[in-house]
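I have placed the structure first, in the form of C-alpha cells, so that the comments after it can refer back to it.
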Amino acid sequence: MSLFELYLRLGFKHIIDINGYDHIVFVLALCAGYSFSQFKKVMVLVTAFTIGHSATLALSTLKIVIIRADVIEFLIPVTILITAVSNLFNQNKQKGYFVYLLTLFFGLIHGLGFSNYLKELLGKESSIVAPLLAFNVGLEIGQILIITIHFLVLYLAISLLNVNHKNWKIFISGAAAGIAAILIIENKFW
C-alpha cells in the first residue's frame, strides 16, 4: 500500500468512525435543510467545508496556527448547534454566498479538531503535502458517503413513508441540536 493510499484510508475511516460522531452529526445537520433536488448544492457546501478543513489542518500541522484543543472541542459542537438551529428558523436556503462562507469557516474550526490526530500520524514525514492531500480526499469521500446515505434515506422516507421534508428537517436538525447541546454542556472548556 502506498503512502497516499494509507492516508486516504485513514481520512475515510476517521470520518466514518462512529466514535467521531460529531463530524457525522455536522454533515447531517448541513444536509437536513436541503431537499433531494438540492443535492449538488450540498456537495458544493461540503466541498467548501473540506477546503476550510484542509487549510487549518495544514496550518496547524505546520504549527503556523495553534489554538488550545479545549477551545476547539468547545467550538465544534457550537458549529453543529448553529447549523441545526439555522435549519429550524431559516425557511429560505437561498442566502447566496453567506452559507458557503459560513460553512467554509466551520470547516476551519473542524480542521483544527483533527490536527492533533494528524500531527501524531505524520510524525517525522519529510513532506506533509501528499499525506495531507490524501487524508483530506479520504475525508471528502467519507462525507460524500454520509451525504449519499442521508439523501437516499430521505428519498425513501418521502417516497415510501410519505414523510414531509419539513418534518424530516425538524427531526434531523432537532436531533443534531440536542447532541450539540449535550456536547457543549459536557465540555470541559466551561
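By order in the C-alpha cells, chains are A, B, ...; within a chain, residues start at 1; ligands start at 1, following the order shown.
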
Per residue of stretch 77-122 of chain A within 7 Å of stretch 55-73 of chain A, what are the shortest atom pair and its distance in Å to one decimal, counting only C-alpha atoms, with rows by chain and residue number, as a Markdown table?
| residue | atom | partner | partner_atom | distance |
| --- | --- | --- | --- | --- |
| A:Leu108 | CA | A:Thr56 | CA | 5.4 |
| A:Ile109 | CA | A:Ile72 | CA | 6.6 |
| A:Gly111 | CA | A:Leu57 | CA | 5.0 |
| A:Leu112 | CA | A:Thr56 | CA | 5.7 |
| A:Gly113 | CA | A:Ile72 | CA | 6.0 |
| A:Phe114 | CA | A:Leu57 | CA | 6.9 |
| A:Ser115 | CA | A:Leu57 | CA | 5.2 |
| A:Lys119 | CA | A:Thr61 | CA | 5.6 |

Given the selection you just returned, output its residues as a file containing N, CA and C atoms, formatted as a PDB file, in the first residue's frame.
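Saved the output as selection_18.pdb:
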ATOM      1  N   LEU A 108     -12.915  25.431   8.889  1.00  0.00           N
ATOM      2  CA  LEU A 108     -11.667  25.865   9.534  1.00  0.00           C
ATOM      3  C   LEU A 108     -11.621  25.366  10.982  1.00  0.00           C
ATOM      4  N   ILE A 109     -12.722  25.499  11.689  1.00  0.00           N
ATOM      5  CA  ILE A 109     -12.793  25.072  13.094  1.00  0.00           C
ATOM      6  C   ILE A 109     -12.641  23.552  13.201  1.00  0.00           C
ATOM      7  N   GLY A 111     -11.276  21.507  11.144  1.00  0.00           N
ATOM      8  CA  GLY A 111      -9.927  21.089  10.753  1.00  0.00           C
ATOM      9  C   GLY A 111      -8.957  21.154  11.910  1.00  0.00           C
ATOM     10  N   LEU A 112      -9.121  22.154  12.758  1.00  0.00           N
ATOM     11  CA  LEU A 112      -8.265  22.254  13.935  1.00  0.00           C
ATOM     12  C   LEU A 112      -8.504  21.090  14.887  1.00  0.00           C
ATOM     13  N   GLY A 113      -9.729  20.583  14.890  1.00  0.00           N
ATOM     14  CA  GLY A 113     -10.047  19.442  15.740  1.00  0.00           C
ATOM     15  C   GLY A 113      -9.316  18.176  15.323  1.00  0.00           C
ATOM     16  N   PHE A 114      -9.042  18.032  14.031  1.00  0.00           N
ATOM     17  CA  PHE A 114      -8.334  16.857  13.523  1.00  0.00           C
ATOM     18  C   PHE A 114      -6.816  17.019  13.578  1.00  0.00           C
ATOM     19  N   SER A 115      -6.337  18.231  13.797  1.00  0.00           N
ATOM     20  CA  SER A 115      -4.911  18.495  13.606  1.00  0.00           C
ATOM     21  C   SER A 115      -4.014  17.719  14.564  1.00  0.00           C
ATOM     22  N   LYS A 119      -1.145  15.265  13.328  1.00  0.00           N
ATOM     23  CA  LYS A 119       0.256  15.510  13.702  1.00  0.00           C
ATOM     24  C   LYS A 119       0.902  14.232  14.219  1.00  0.00           C
TER      25      LYS A 119
END

Which residues of stretch 5-56 of chain A come within 7 Å of stretch 139-145 of chain A, and for each one, what is the closest pair of atoms and their distance in Å to one decimal, counting only C-alpha atoms, sorted by chain and residue number, as CSV?
residue,atom,partner,partner_atom,distance
A:Gly11,CA,A:Leu139,CA,4.7
A:Phe12,CA,A:Leu139,CA,4.9
A:Ile15,CA,A:Leu139,CA,5.7
A:Ile16,CA,A:Gly142,CA,6.0
A:Thr50,CA,A:Glu140,CA,6.6

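Counting from atom CA of A:Phe89, the distance to atom CA of A:Thr148 is 24.6 Å.
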
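Atom to atom, atom CA of A:His14 and atom CA of A:Ala180 stand 19.3 Å apart.
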
For the atom pair atom CA of A:Leu132 and atom CA of A:Val78, what is the interatomic distance in Å to one decimal place?
-> 25.6 Å

Pick out each residue of stretch 5-76 of chain A that DSSP on the backbone tags as helix (DSSP H, G or I); I need them as number ranges by chain.
-> A: 5-16, 18-32, 36-61, 69-76

Can you write out as a tab-separated table which residues of stretch 81-151 of chain A fall within 12 Å of stretch 170-174 of chain A, alongside each residue's closest atom pair and its distance in Å to one decimal, counting only C-alpha atoms and ordering rows by chain and ascending residue number?
residue	atom	partner	partner_atom	distance
A:Leu81	CA	A:Ser173	CA	8.7
A:Ile82	CA	A:Ser173	CA	10.0
A:Thr83	CA	A:Ser173	CA	8.1
A:Ala84	CA	A:Ser173	CA	4.6
A:Val85	CA	A:Ser173	CA	6.8
A:Ser86	CA	A:Ser173	CA	8.7
A:Asn87	CA	A:Ser173	CA	6.5
A:Leu88	CA	A:Ile170	CA	6.2
A:Phe89	CA	A:Ile170	CA	9.8
A:Asn90	CA	A:Ile170	CA	11.4
A:Gln91	CA	A:Ile170	CA	11.3
A:His150	CA	A:Ile172	CA	10.1
